[in-house]
>>> print(open('entry-v2.csv').read())   # CSV, C-alpha atoms and all ligand atoms
chain,number,residue,atom,x,y,z
T,1,MET,CA,65.0,-26.9,-59.4
T,2,ALA,CA,62.5,-24.7,-57.6
T,3,LYS,CA,59.4,-25.8,-59.6
T,4,ARG,CA,58.2,-29.3,-60.4
T,5,PRO,CA,60.4,-29.9,-63.4
T,6,PHE,CA,58.8,-30.3,-66.9
T,7,VAL,CA,60.5,-32.6,-69.4
T,8,ALA,CA,58.8,-32.7,-72.8
T,9,GLY,CA,59.8,-34.7,-75.9
T,10,ASN,CA,59.3,-33.3,-79.4
T,11,TRP,CA,59.2,-36.1,-81.9
T,12,LYS,CA,59.2,-33.6,-84.9
T,13,MET,CA,58.4,-35.5,-88.2
T,14,HIS,CA,59.1,-38.9,-86.7
T,15,GLY,CA,56.7,-41.6,-85.7
T,16,THR,CA,54.0,-43.8,-87.0
T,17,ARG,CA,51.8,-46.4,-85.3
T,18,ALA,CA,54.8,-48.7,-85.0
T,19,GLU,CA,56.4,-46.3,-82.5
T,20,LEU,CA,53.4,-46.1,-80.1
T,21,GLY,CA,55.1,-48.6,-77.9
T,22,GLN,CA,57.6,-45.9,-77.0
T,23,VAL,CA,54.8,-43.7,-75.7
T,24,THR,CA,53.3,-46.5,-73.6
T,25,HIS,CA,56.7,-47.3,-72.2
T,26,VAL,CA,57.3,-43.6,-71.2
T,27,SER,CA,53.8,-43.2,-69.8
T,28,ILE,CA,54.0,-46.3,-67.6
T,29,GLU,CA,57.5,-45.5,-66.3
T,30,THR,CA,56.6,-41.9,-65.5
T,31,GLU,CA,53.7,-43.0,-63.3
T,32,THR,CA,56.4,-43.9,-60.8
T,33,ILE,CA,58.0,-40.5,-61.0
T,34,PRO,CA,55.4,-38.0,-59.8
T,35,GLU,CA,58.0,-35.4,-59.0
T,36,VAL,CA,58.4,-34.6,-62.8
T,37,LEU,CA,55.8,-33.5,-65.3
T,38,VAL,CA,56.4,-35.4,-68.5
T,39,ALA,CA,54.9,-35.0,-72.0
T,40,LEU,CA,55.5,-36.2,-75.5
T,41,CYS,CA,54.6,-34.0,-78.5
T,42,VAL,CA,53.9,-36.4,-81.3
T,43,PRO,CA,52.9,-35.8,-84.9
T,44,ALA,CA,49.3,-34.6,-85.3
T,45,THR,CA,48.5,-37.9,-87.0
T,46,LEU,CA,49.4,-39.9,-83.8
T,47,ILE,CA,47.7,-37.7,-81.1
T,48,THR,CA,44.5,-39.7,-80.8
T,49,ARG,CA,46.3,-43.1,-80.9
T,50,ALA,CA,48.9,-41.9,-78.4
T,51,VAL,CA,46.2,-40.6,-76.0
T,52,SER,CA,44.4,-44.0,-76.2
T,53,ALA,CA,47.6,-45.9,-75.7
T,54,SER,CA,48.5,-43.9,-72.6
T,55,PRO,CA,45.4,-42.7,-70.7
T,56,GLY,CA,46.2,-39.9,-68.3
T,57,PHE,CA,49.6,-39.2,-69.8
T,58,LEU,CA,50.3,-35.7,-71.2
T,59,ILE,CA,50.3,-35.8,-75.1
T,60,GLY,CA,51.0,-32.7,-77.0
T,61,ALA,CA,50.9,-31.3,-80.6
T,62,GLN,CA,54.0,-29.7,-82.1
T,63,ASP,CA,52.3,-26.7,-83.7
T,64,VAL,CA,48.9,-25.1,-84.3
T,65,HIS,CA,47.7,-22.5,-86.8
T,66,HIS,CA,47.6,-18.9,-85.7
T,67,GLU,CA,44.0,-18.5,-86.9
T,68,ALA,CA,41.1,-20.3,-85.1
T,69,LYS,CA,39.7,-21.8,-88.4
T,70,GLY,CA,39.5,-21.0,-92.1
T,71,ALA,CA,40.8,-21.7,-95.6
T,72,PHE,CA,44.3,-22.9,-94.6
T,73,THR,CA,44.8,-26.2,-96.5
T,74,GLY,CA,46.8,-28.7,-94.6
T,75,SER,CA,46.9,-26.8,-91.4
T,76,VAL,CA,45.7,-27.9,-88.0
T,77,SER,CA,43.9,-25.6,-85.5
T,78,VAL,CA,44.0,-25.4,-81.7
T,79,LYS,CA,40.5,-26.9,-81.5
T,80,MET,CA,41.4,-29.8,-83.7
T,81,VAL,CA,44.4,-30.9,-81.7
T,82,LYS,CA,42.4,-30.4,-78.5
T,83,ASP,CA,39.6,-32.5,-80.0
T,84,ALA,CA,42.2,-35.2,-80.9
T,85,GLY,CA,43.1,-35.3,-77.2
T,86,ALA,CA,46.2,-33.1,-77.0
T,87,LYS,CA,46.5,-31.1,-73.7
T,88,LEU,CA,49.6,-29.3,-74.8
T,89,THR,CA,51.1,-27.6,-77.8
T,90,ILE,CA,54.5,-26.3,-78.8
T,91,VAL,CA,54.5,-22.9,-80.7
T,92,GLY,CA,57.3,-20.9,-82.3
T,93,HIS,CA,59.8,-23.8,-82.7
T,94,SER,CA,62.8,-22.4,-84.6
T,95,GLU,CA,62.3,-25.0,-87.3
T,96,ARG,CA,59.0,-23.4,-88.2
T,97,ARG,CA,60.3,-19.8,-87.7
T,98,GLU,CA,63.4,-20.4,-89.9
T,99,MET,CA,62.1,-22.8,-92.5
T,100,LEU,CA,58.5,-21.6,-92.8
T,101,GLY,CA,59.0,-18.0,-92.0
T,102,GLU,CA,56.7,-17.9,-89.0
T,103,THR,CA,56.7,-14.4,-87.4
T,104,ASP,CA,56.7,-13.4,-83.8
T,105,ALA,CA,53.2,-12.0,-84.3
T,106,GLN,CA,52.0,-15.4,-85.6
T,107,VAL,CA,53.6,-17.2,-82.7
T,108,ARG,CA,51.9,-14.8,-80.3
T,109,ALA,CA,48.5,-15.4,-81.9
T,110,LYS,CA,49.1,-19.2,-81.7
T,111,ALA,CA,50.0,-19.0,-78.0
T,112,GLU,CA,46.9,-16.8,-77.2
T,113,LEU,CA,44.5,-19.2,-79.0
T,114,ALA,CA,46.1,-22.2,-77.3
T,115,ILE,CA,46.0,-20.8,-73.8
T,116,ASP,CA,42.4,-19.5,-74.3
T,117,GLU,CA,41.4,-23.0,-75.2
T,118,GLY,CA,43.1,-24.3,-72.0
T,119,LEU,CA,46.1,-26.0,-73.7
T,120,LYS,CA,49.4,-26.0,-72.0
T,121,THR,CA,51.7,-24.1,-74.3
T,122,ILE,CA,55.5,-24.3,-74.8
T,123,LEU,CA,56.7,-21.1,-76.6
T,124,CYS,CA,60.1,-21.5,-78.1
T,125,VAL,CA,62.8,-18.8,-78.6
T,126,GLY,CA,66.5,-19.0,-79.4
T,127,GLU,CA,69.3,-17.3,-81.3
T,128,SER,CA,71.3,-18.4,-84.4
T,129,ASP,CA,75.0,-19.1,-84.3
T,130,LYS,CA,75.6,-15.7,-86.0
T,131,VAL,CA,73.8,-13.8,-83.3
T,132,ARG,CA,75.7,-15.7,-80.6
T,133,GLU,CA,79.0,-14.8,-82.3
T,134,THR,CA,78.1,-11.1,-82.3
T,135,GLY,CA,77.6,-11.2,-78.5
T,136,GLN,CA,73.9,-10.1,-78.9
T,137,ALA,CA,72.2,-13.3,-77.9
T,138,LEU,CA,70.7,-12.0,-74.7
T,139,ASN,CA,69.2,-8.9,-76.3
T,140,VAL,CA,68.0,-10.7,-79.5
T,141,VAL,CA,66.2,-13.5,-77.5
T,142,ALA,CA,64.7,-10.9,-75.1
T,143,GLN,CA,63.3,-9.0,-78.1
T,144,GLN,CA,62.0,-12.2,-79.8
T,145,LEU,CA,60.3,-13.2,-76.5
T,146,GLU,CA,58.8,-9.8,-75.9
T,147,ALA,CA,57.3,-9.9,-79.4
T,148,SER,CA,56.1,-13.5,-79.2
T,149,LEU,CA,54.5,-13.5,-75.7
T,150,PRO,CA,50.8,-13.4,-75.5
T,151,ASP,CA,49.4,-10.1,-74.3
T,152,ARG,CA,46.3,-11.7,-72.9
T,153,VAL,CA,47.3,-14.5,-70.6
T,154,THR,CA,44.2,-15.6,-68.8
T,155,ALA,CA,46.2,-18.4,-67.2
T,156,PRO,CA,50.0,-17.9,-67.1
T,157,ILE,CA,50.1,-21.3,-65.4
T,158,HIS,CA,49.6,-22.8,-68.8
T,159,LEU,CA,52.7,-21.2,-70.4
T,160,SER,CA,56.2,-22.5,-70.5
T,161,ILE,CA,59.1,-20.9,-72.4
T,162,ALA,CA,61.7,-23.1,-74.1
T,163,TYR,CA,65.1,-21.5,-74.7
T,164,GLU,CA,66.5,-23.5,-77.7
T,165,PRO,CA,69.6,-22.0,-79.3
T,166,ILE,CA,69.3,-22.9,-83.0
T,167,TRP,CA,72.9,-23.9,-83.2
T,168,ALA,CA,72.5,-26.4,-80.4
T,169,ILE,CA,69.5,-28.3,-81.9
T,170,GLY,CA,70.5,-31.7,-83.2
T,171,THR,CA,74.2,-30.8,-83.3
T,172,GLY,CA,75.5,-32.2,-80.0
T,173,LYS,CA,76.6,-28.7,-79.1
T,174,VAL,CA,75.4,-27.2,-75.8
T,175,PRO,CA,76.0,-23.7,-74.5
T,176,SER,CA,78.1,-23.3,-71.4
T,177,THR,CA,76.2,-23.6,-68.1
T,178,GLY,CA,77.0,-19.9,-67.5
T,179,ASP,CA,75.4,-19.0,-70.9
T,180,ILE,CA,72.3,-21.1,-70.2
T,181,GLY,CA,72.0,-19.6,-66.7
T,182,ALA,CA,72.4,-16.0,-68.1
T,183,MET,CA,69.8,-16.5,-70.8
T,184,HIS,CA,67.3,-18.1,-68.4
T,185,GLY,CA,67.8,-15.2,-66.1
T,186,ARG,CA,67.1,-12.7,-68.9
T,187,ILE,CA,64.0,-14.6,-70.0
T,188,ARG,CA,62.7,-14.6,-66.4
T,189,GLN,CA,63.2,-10.7,-66.3
T,190,VAL,CA,61.2,-10.3,-69.4
T,191,LEU,CA,58.4,-12.5,-68.0
T,192,GLU,CA,58.3,-10.6,-64.8
T,193,GLN,CA,58.1,-7.2,-66.6
T,194,ARG,CA,55.2,-8.5,-68.7
T,195,TYR,CA,53.2,-10.5,-66.1
T,196,GLY,CA,54.4,-9.4,-62.7
T,197,ASP,CA,53.6,-12.0,-60.0
T,198,GLY,CA,51.9,-14.1,-62.7
T,199,ALA,CA,55.3,-14.9,-64.1
T,200,ALA,CA,56.2,-17.0,-61.1
T,201,SER,CA,54.3,-20.0,-62.4
T,202,ILE,CA,55.9,-20.0,-65.8
T,203,ARG,CA,58.6,-22.6,-66.4
T,204,ILE,CA,61.7,-21.9,-68.5
T,205,LEU,CA,62.9,-25.1,-70.2
T,206,TYR,CA,66.2,-25.6,-72.0
T,207,GLY,CA,66.3,-27.4,-75.4
T,208,GLY,CA,69.1,-28.3,-77.7
T,209,SER,CA,71.1,-31.6,-77.6
T,210,VAL,CA,69.8,-32.6,-74.2
T,211,LYS,CA,70.8,-36.2,-73.5
T,212,GLY,CA,70.9,-38.6,-70.6
T,213,SER,CA,74.6,-37.9,-70.4
T,214,ASN,CA,74.3,-34.1,-69.9
T,215,ALA,CA,70.8,-33.7,-68.4
T,216,LYS,CA,72.1,-33.7,-64.7
T,217,GLU,CA,74.4,-30.8,-65.4
T,218,ILE,CA,71.8,-28.8,-67.3
T,219,PHE,CA,69.1,-29.3,-64.6
T,220,ALA,CA,71.5,-28.1,-61.9
T,221,ILE,CA,71.7,-24.7,-63.6
T,222,ASP,CA,69.9,-22.0,-61.7
T,223,GLY,CA,66.7,-21.0,-63.6
T,224,VAL,CA,66.4,-24.2,-65.6
T,225,ASP,CA,62.9,-25.7,-64.9
T,226,GLY,CA,63.0,-28.6,-67.3
T,227,ALA,CA,63.9,-29.5,-70.9
T,228,LEU,CA,62.5,-29.8,-74.4
T,229,VAL,CA,64.1,-32.8,-76.0
T,230,GLY,CA,64.2,-33.7,-79.7
T,231,GLY,CA,66.3,-36.7,-80.9
T,232,ALA,CA,66.6,-38.2,-77.4
T,233,SER,CA,62.9,-38.4,-77.0
T,234,LEU,CA,62.2,-40.8,-79.8
T,235,GLU,CA,63.3,-43.9,-77.8
T,236,ALA,CA,62.1,-44.4,-74.3
T,237,ASP,CA,65.5,-45.8,-73.3
T,238,ASP,CA,67.1,-42.5,-74.3
T,239,PHE,CA,64.4,-40.3,-72.9
T,240,MET,CA,63.8,-41.9,-69.5
T,241,PRO,CA,67.3,-41.2,-68.2
T,242,ILE,CA,66.6,-37.5,-68.8
T,243,VAL,CA,63.4,-37.7,-66.8
T,244,HIS,CA,65.2,-39.6,-64.0
T,245,ALA,CA,67.9,-36.8,-64.0
T,246,ALA,CA,65.1,-34.2,-63.5
T,247,ALA,CA,63.7,-36.3,-60.6
T,248,ALA,CA,67.2,-36.6,-59.0
T,249,GLY,CA,67.5,-32.8,-59.3
T,250,VAL,CA,64.3,-32.3,-57.2
T,251,LYS,CA,65.7,-34.5,-54.5
T,252,ALA,CA,69.2,-33.0,-54.5
T,301,LIG,P1,67.5,-32.0,-80.1
T,301,LIG,O1,67.2,-32.5,-78.7
T,301,LIG,O2,67.4,-33.1,-81.1
T,301,LIG,O3,68.7,-31.2,-80.2
T,301,LIG,O4,66.3,-31.1,-80.5
T,301,LIG,C1,65.9,-30.0,-79.7
T,301,LIG,C2,64.6,-29.5,-80.1
T,301,LIG,O5,64.5,-28.9,-81.2
T,301,LIG,C3,63.4,-29.8,-79.3
T,301,LIG,O6,62.3,-29.0,-79.7
>>> encode(input="entry-v2.csv", output="structure tokens", more="lines below")
Ligand code: 13P
Amino acid sequence: MAKRPFVAGNWKMHGTRAELGQVTHVSIETETIPEVLVALCVPATLITRAVSASPGFLIGAQDVHHEAKGAFTGSVSVKMVKDAGAKLTIVGHSERREMLGETDAQVRAKAELAIDEGLKTILCVGESDKVRETGQALNVVAQQLEASLPDRVTAPIHLSIAYEPIWAIGTGKVPSTGDIGAMHGRIRQVLEQRYGDGAASIRILYGGSVKGSNAKEIFAIDGVDGALVGGASLEADDFMPIVHAAAAGVKA
């Protein structure tokens, strides 16, 4: 991997105080692996506790609202997650796009607000199985990305893209290495068209059924700069082999 790899866990709607030991375990072990940037995106309710339990470790939120503040009952703003101690947020996860109808324009607004506030931001894109079957995955994801990318990127260094095919999330299915490489190449093209030289600092992560058993193969693909990990991030014993695989990829 050309860049320092980035491996981020997305706990989704899992985790209470009882699971904070997993955060501590990951944070302590990653101190010995400086060649990989590691983060855990925990539920909003756990951010403050996770930050206290693992000083210096990168804790993220899983979403933020697309408005800076206002009458949005139950929602959490960029400033709020930052105040809680998050240094990172995911935006545009397919579970929010698909189940909650979030639009590309909203995802773009979230990313702009987050980056303006200095949060690292992982912006997710990915195609459905139907789109993959029609052979249009590259075009559809490129269009989704173009519409979701922030126009104003004061600091592209804060942005990562996660390519997460919807049909690979939580299913144990993973695209072929050729398909992942082709998609990451296409995403890189879109980033270069939009940001020119600024695109060089943007990492492109793969997400969807990444495990300790397949991480090495995925990290060896040209254009893969890390991973966004769901199920296998919940337990440190499942997550750390993925981080170690990323570190091994740097040395290879
Ligand atoms: P899984 O690793 O459980 O497939 O989830 C991927 C994901 O959605 C991460 O955001």
>>> residues_around(input="entry-v2.csv", residues="Thr45 of chain T", least_positions_apart="6", cutoff="10 Å", atoms="all atoms listed in the file", output="JSON, numbers by chain")
{"T": [15, 16, 17, 61, 81, 84]}
>>> residues_near_ligand(input="entry-v2.csv", ligand="ligand LIG 301 (chain T)", cutoff="9 Å", atoms="only C-alpha atoms and all ligand atoms", output="MDAnalysis selection string")
chainID T and resid 8:12 62 90 93:95 124 162 164:174 206:211 227:233
>>> residues_near_point(input="entry-v2.csv", point="(41.6, -24.0, -81.9)", cutoff="9 Å", atoms="only C-alpha atoms", output="list in words")
Val64, His65, His66, Glu67, Ala68, Lys69, Val76, Ser77, Val78, Lys79, Met80, Val81, Lys82, Asp83, Lys110, Leu113, Ala114, Asp116 and Glu117 of chain T
>>> write_last_selection(input="entry-v2.csv", atoms="C-alpha atoms", output="PDB file, keeping the file's coordinate frame")
ATOM      1  CA  VAL T  64      48.900 -25.100 -84.300  1.00  0.00           C
ATOM      2  CA  HIS T  65      47.700 -22.500 -86.800  1.00  0.00           C
ATOM      3  CA  HIS T  66      47.600 -18.900 -85.700  1.00  0.00           C
ATOM      4  CA  GLU T  67      44.000 -18.500 -86.900  1.00  0.00           C
ATOM      5  CA  ALA T  68      41.100 -20.300 -85.100  1.00  0.00           C
ATOM      6  CA  LYS T  69      39.700 -21.800 -88.400  1.00  0.00           C
ATOM      7  CA  VAL T  76      45.700 -27.900 -88.000  1.00  0.00           C
ATOM      8  CA  SER T  77      43.900 -25.600 -85.500  1.00  0.00           C
ATOM      9  CA  VAL T  78      44.000 -25.400 -81.700  1.00  0.00           C
ATOM     10  CA  LYS T  79      40.500 -26.900 -81.500  1.00  0.00           C
ATOM     11  CA  MET T  80      41.400 -29.800 -83.700  1.00  0.00           C
ATOM     12  CA  VAL T  81      44.400 -30.900 -81.700  1.00  0.00           C
ATOM     13  CA  LYS T  82      42.400 -30.400 -78.500  1.00  0.00           C
ATOM     14  CA  ASP T  83      39.600 -32.500 -80.000  1.00  0.00           C
ATOM     15  CA  LYS T 110      49.100 -19.200 -81.700  1.00  0.00           C
ATOM     16  CA  LEU T 113      44.500 -19.200 -79.000  1.00  0.00           C
ATOM     17  CA  ALA T 114      46.100 -22.200 -77.300  1.00  0.00           C
ATOM     18  CA  ASP T 116      42.400 -19.500 -74.300  1.00  0.00           C
ATOM     19  CA  GLU T 117      41.400 -23.000 -75.200  1.00  0.00           C
TER      20      GLU T 117
END
>>> atom_distance(input="entry-v2.csv", atom1="atom CA of Glu192 of chain T", atom2="atom CA of Ala220 of chain T")
22.1 Å
>>> closest_residue(input="entry-v2.csv", among="T:Leu145, T:Val36, T:Ile161, T:Val7", to="Thr121 of chain T", atoms="all atoms listed in the file")
T:Ile161
>>> atom_distance(input="entry-v2.csv", atom1="atom CA of Ile221 of chain T", atom2="atom CA of Ala245 of chain T")
12.7 Å
>>> residues_around(input="entry-v2.csv", residues="Met240 of chain T", least_positions_apart="2", cutoff="8 Å", atoms="all atoms listed in the file", output="list in words")
Val26, Glu29, Gly212, Ala236, Asp237, Asp238, Ile242, Val243 and His244 of chain T
>>> write_last_selection(input="entry-v2.csv", atoms="C-alpha atoms", output="mmCIF file, in the coordinates of the input")
data_model
loop_
_atom_site.group_PDB
_atom_site.id
_atom_site.type_symbol
_atom_site.label_atom_id
_atom_site.label_comp_id
_atom_site.auth_asym_id
_atom_site.auth_seq_id
_atom_site.Cartn_x
_atom_site.Cartn_y
_atom_site.Cartn_z
ATOM 1 C CA VAL T 26 57.300 -43.600 -71.200
ATOM 2 C CA GLU T 29 57.500 -45.500 -66.300
ATOM 3 C CA GLY T 212 70.900 -38.600 -70.600
ATOM 4 C CA ALA T 236 62.100 -44.400 -74.300
ATOM 5 C CA ASP T 237 65.500 -45.800 -73.300
ATOM 6 C CA ASP T 238 67.100 -42.500 -74.300
ATOM 7 C CA ILE T 242 66.600 -37.500 -68.800
ATOM 8 C CA VAL T 243 63.400 -37.700 -66.800
ATOM 9 C CA HIS T 244 65.200 -39.600 -64.000
#
>>> decode(input="entry-v2.csv", residues="segment 160-184 of chain T", atoms="N, CA and C atoms", output="PDB file, in the first residue's frame")
ATOM      1  N   SER T 160     -11.556  10.441   3.464  1.00  0.00           N
ATOM      2  CA  SER T 160     -11.324   9.099   2.924  1.00  0.00           C
ATOM      3  C   SER T 160     -12.627   8.661   2.253  1.00  0.00           C
ATOM      4  N   ILE T 161     -12.505   7.834   1.245  1.00  0.00           N
ATOM      5  CA  ILE T 161     -13.680   7.247   0.599  1.00  0.00           C
ATOM      6  C   ILE T 161     -13.706   5.763   0.976  1.00  0.00           C
ATOM      7  N   ALA T 162     -14.902   5.255   1.332  1.00  0.00           N
ATOM      8  CA  ALA T 162     -15.021   3.809   1.557  1.00  0.00           C
ATOM      9  C   ALA T 162     -15.905   3.230   0.465  1.00  0.00           C
ATOM     10  N   TYR T 163     -15.332   2.325  -0.330  1.00  0.00           N
ATOM     11  CA  TYR T 163     -16.133   1.605  -1.318  1.00  0.00           C
ATOM     12  C   TYR T 163     -16.720   0.372  -0.636  1.00  0.00           C
ATOM     13  N   GLU T 164     -18.040   0.384  -0.433  1.00  0.00           N
ATOM     14  CA  GLU T 164     -18.706  -0.722   0.242  1.00  0.00           C
ATOM     15  C   GLU T 164     -19.863  -1.224  -0.622  1.00  0.00           C
ATOM     16  N   PRO T 165     -19.633  -2.268  -1.422  1.00  0.00           N
ATOM     17  CA  PRO T 165     -20.751  -2.815  -2.193  1.00  0.00           C
ATOM     18  C   PRO T 165     -21.828  -3.306  -1.224  1.00  0.00           C
ATOM     19  N   ILE T 166     -23.063  -2.877  -1.444  1.00  0.00           N
ATOM     20  CA  ILE T 166     -24.126  -3.180  -0.474  1.00  0.00           C
ATOM     21  C   ILE T 166     -24.293  -4.690  -0.295  1.00  0.00           C
ATOM     22  N   TRP T 167     -24.129  -5.426  -1.386  1.00  0.00           N
ATOM     23  CA  TRP T 167     -24.344  -6.872  -1.358  1.00  0.00           C
ATOM     24  C   TRP T 167     -23.218  -7.611  -0.640  1.00  0.00           C
ATOM     25  N   ALA T 168     -22.143  -6.915  -0.326  1.00  0.00           N
ATOM     26  CA  ALA T 168     -21.019  -7.549   0.383  1.00  0.00           C
ATOM     27  C   ALA T 168     -21.054  -7.259   1.884  1.00  0.00           C
ATOM     28  N   ILE T 169     -21.959  -6.374   2.309  1.00  0.00           N
ATOM     29  CA  ILE T 169     -21.972  -5.965   3.720  1.00  0.00           C
ATOM     30  C   ILE T 169     -22.679  -7.023   4.559  1.00  0.00           C
ATOM     31  N   GLY T 170     -21.946  -7.601   5.476  1.00  0.00           N
ATOM     32  CA  GLY T 170     -22.518  -8.570   6.416  1.00  0.00           C
ATOM     33  C   GLY T 170     -22.952  -9.873   5.780  1.00  0.00           C
ATOM     34  N   THR T 171     -22.524 -10.146   4.564  1.00  0.00           N
ATOM     35  CA  THR T 171     -22.997 -11.339   3.851  1.00  0.00           C
ATOM     36  C   THR T 171     -21.916 -12.408   3.701  1.00  0.00           C
ATOM     37  N   GLY T 172     -20.672 -12.039   3.962  1.00  0.00           N
ATOM     38  CA  GLY T 172     -19.570 -12.971   3.708  1.00  0.00           C
ATOM     39  C   GLY T 172     -19.150 -12.998   2.247  1.00  0.00           C
ATOM     40  N   LYS T 173     -19.879 -12.237   1.389  1.00  0.00           N
ATOM     41  CA  LYS T 173     -19.492 -12.172  -0.036  1.00  0.00           C
ATOM     42  C   LYS T 173     -18.531 -11.010  -0.238  1.00  0.00           C
ATOM     43  N   VAL T 174     -17.544 -11.203  -1.070  1.00  0.00           N
ATOM     44  CA  VAL T 174     -16.572 -10.138  -1.363  1.00  0.00           C
ATOM     45  C   VAL T 174     -16.385 -10.111  -2.886  1.00  0.00           C
ATOM     46  N   PRO T 175     -16.320  -8.928  -3.493  1.00  0.00           N
ATOM     47  CA  PRO T 175     -16.065  -8.888  -4.936  1.00  0.00           C
ATOM     48  C   PRO T 175     -14.714  -9.516  -5.257  1.00  0.00           C
ATOM     49  N   SER T 176     -14.508  -9.851  -6.516  1.00  0.00           N
ATOM     50  CA  SER T 176     -13.201 -10.384  -6.919  1.00  0.00           C
ATOM     51  C   SER T 176     -12.152  -9.290  -6.734  1.00  0.00           C
ATOM     52  N   THR T 177     -10.901  -9.706  -6.612  1.00  0.00           N
ATOM     53  CA  THR T 177      -9.843  -8.700  -6.450  1.00  0.00           C
ATOM     54  C   THR T 177      -9.813  -7.773  -7.668  1.00  0.00           C
ATOM     55  N   GLY T 178     -10.109  -8.335  -8.840  1.00  0.00           N
ATOM     56  CA  GLY T 178     -10.130  -7.508 -10.056  1.00  0.00           C
ATOM     57  C   GLY T 178     -11.222  -6.454  -9.992  1.00  0.00           C
ATOM     58  N   ASP T 179     -12.405  -6.853  -9.481  1.00  0.00           N
ATOM     59  CA  ASP T 179     -13.511  -5.884  -9.396  1.00  0.00           C
ATOM     60  C   ASP T 179     -13.225  -4.796  -8.358  1.00  0.00           C
ATOM     61  N   ILE T 180     -12.607  -5.183  -7.246  1.00  0.00           N
ATOM     62  CA  ILE T 180     -12.258  -4.162  -6.236  1.00  0.00           C
ATOM     63  C   ILE T 180     -11.221  -3.202  -6.831  1.00  0.00           C
ATOM     64  N   GLY T 181     -10.212  -3.755  -7.489  1.00  0.00           N
ATOM     65  CA  GLY T 181      -9.168  -2.905  -8.084  1.00  0.00           C
ATOM     66  C   GLY T 181      -9.741  -1.950  -9.121  1.00  0.00           C
ATOM     67  N   ALA T 182     -10.658  -2.461  -9.956  1.00  0.00           N
ATOM     68  CA  ALA T 182     -11.246  -1.620 -10.999  1.00  0.00           C
ATOM     69  C   ALA T 182     -12.064  -0.484 -10.378  1.00  0.00           C
ATOM     70  N   MET T 183     -12.813  -0.810  -9.329  1.00  0.00           N
ATOM     71  CA  MET T 183     -13.640   0.239  -8.699  1.00  0.00           C
ATOM     72  C   MET T 183     -12.771   1.284  -8.006  1.00  0.00           C
ATOM     73  N   HIS T 184     -11.729   0.830  -7.317  1.00  0.00           N
ATOM     74  CA  HIS T 184     -10.857   1.808  -6.649  1.00  0.00           C
ATOM     75  C   HIS T 184     -10.168   2.707  -7.674  1.00  0.00           C
TER      76      HIS T 184
END
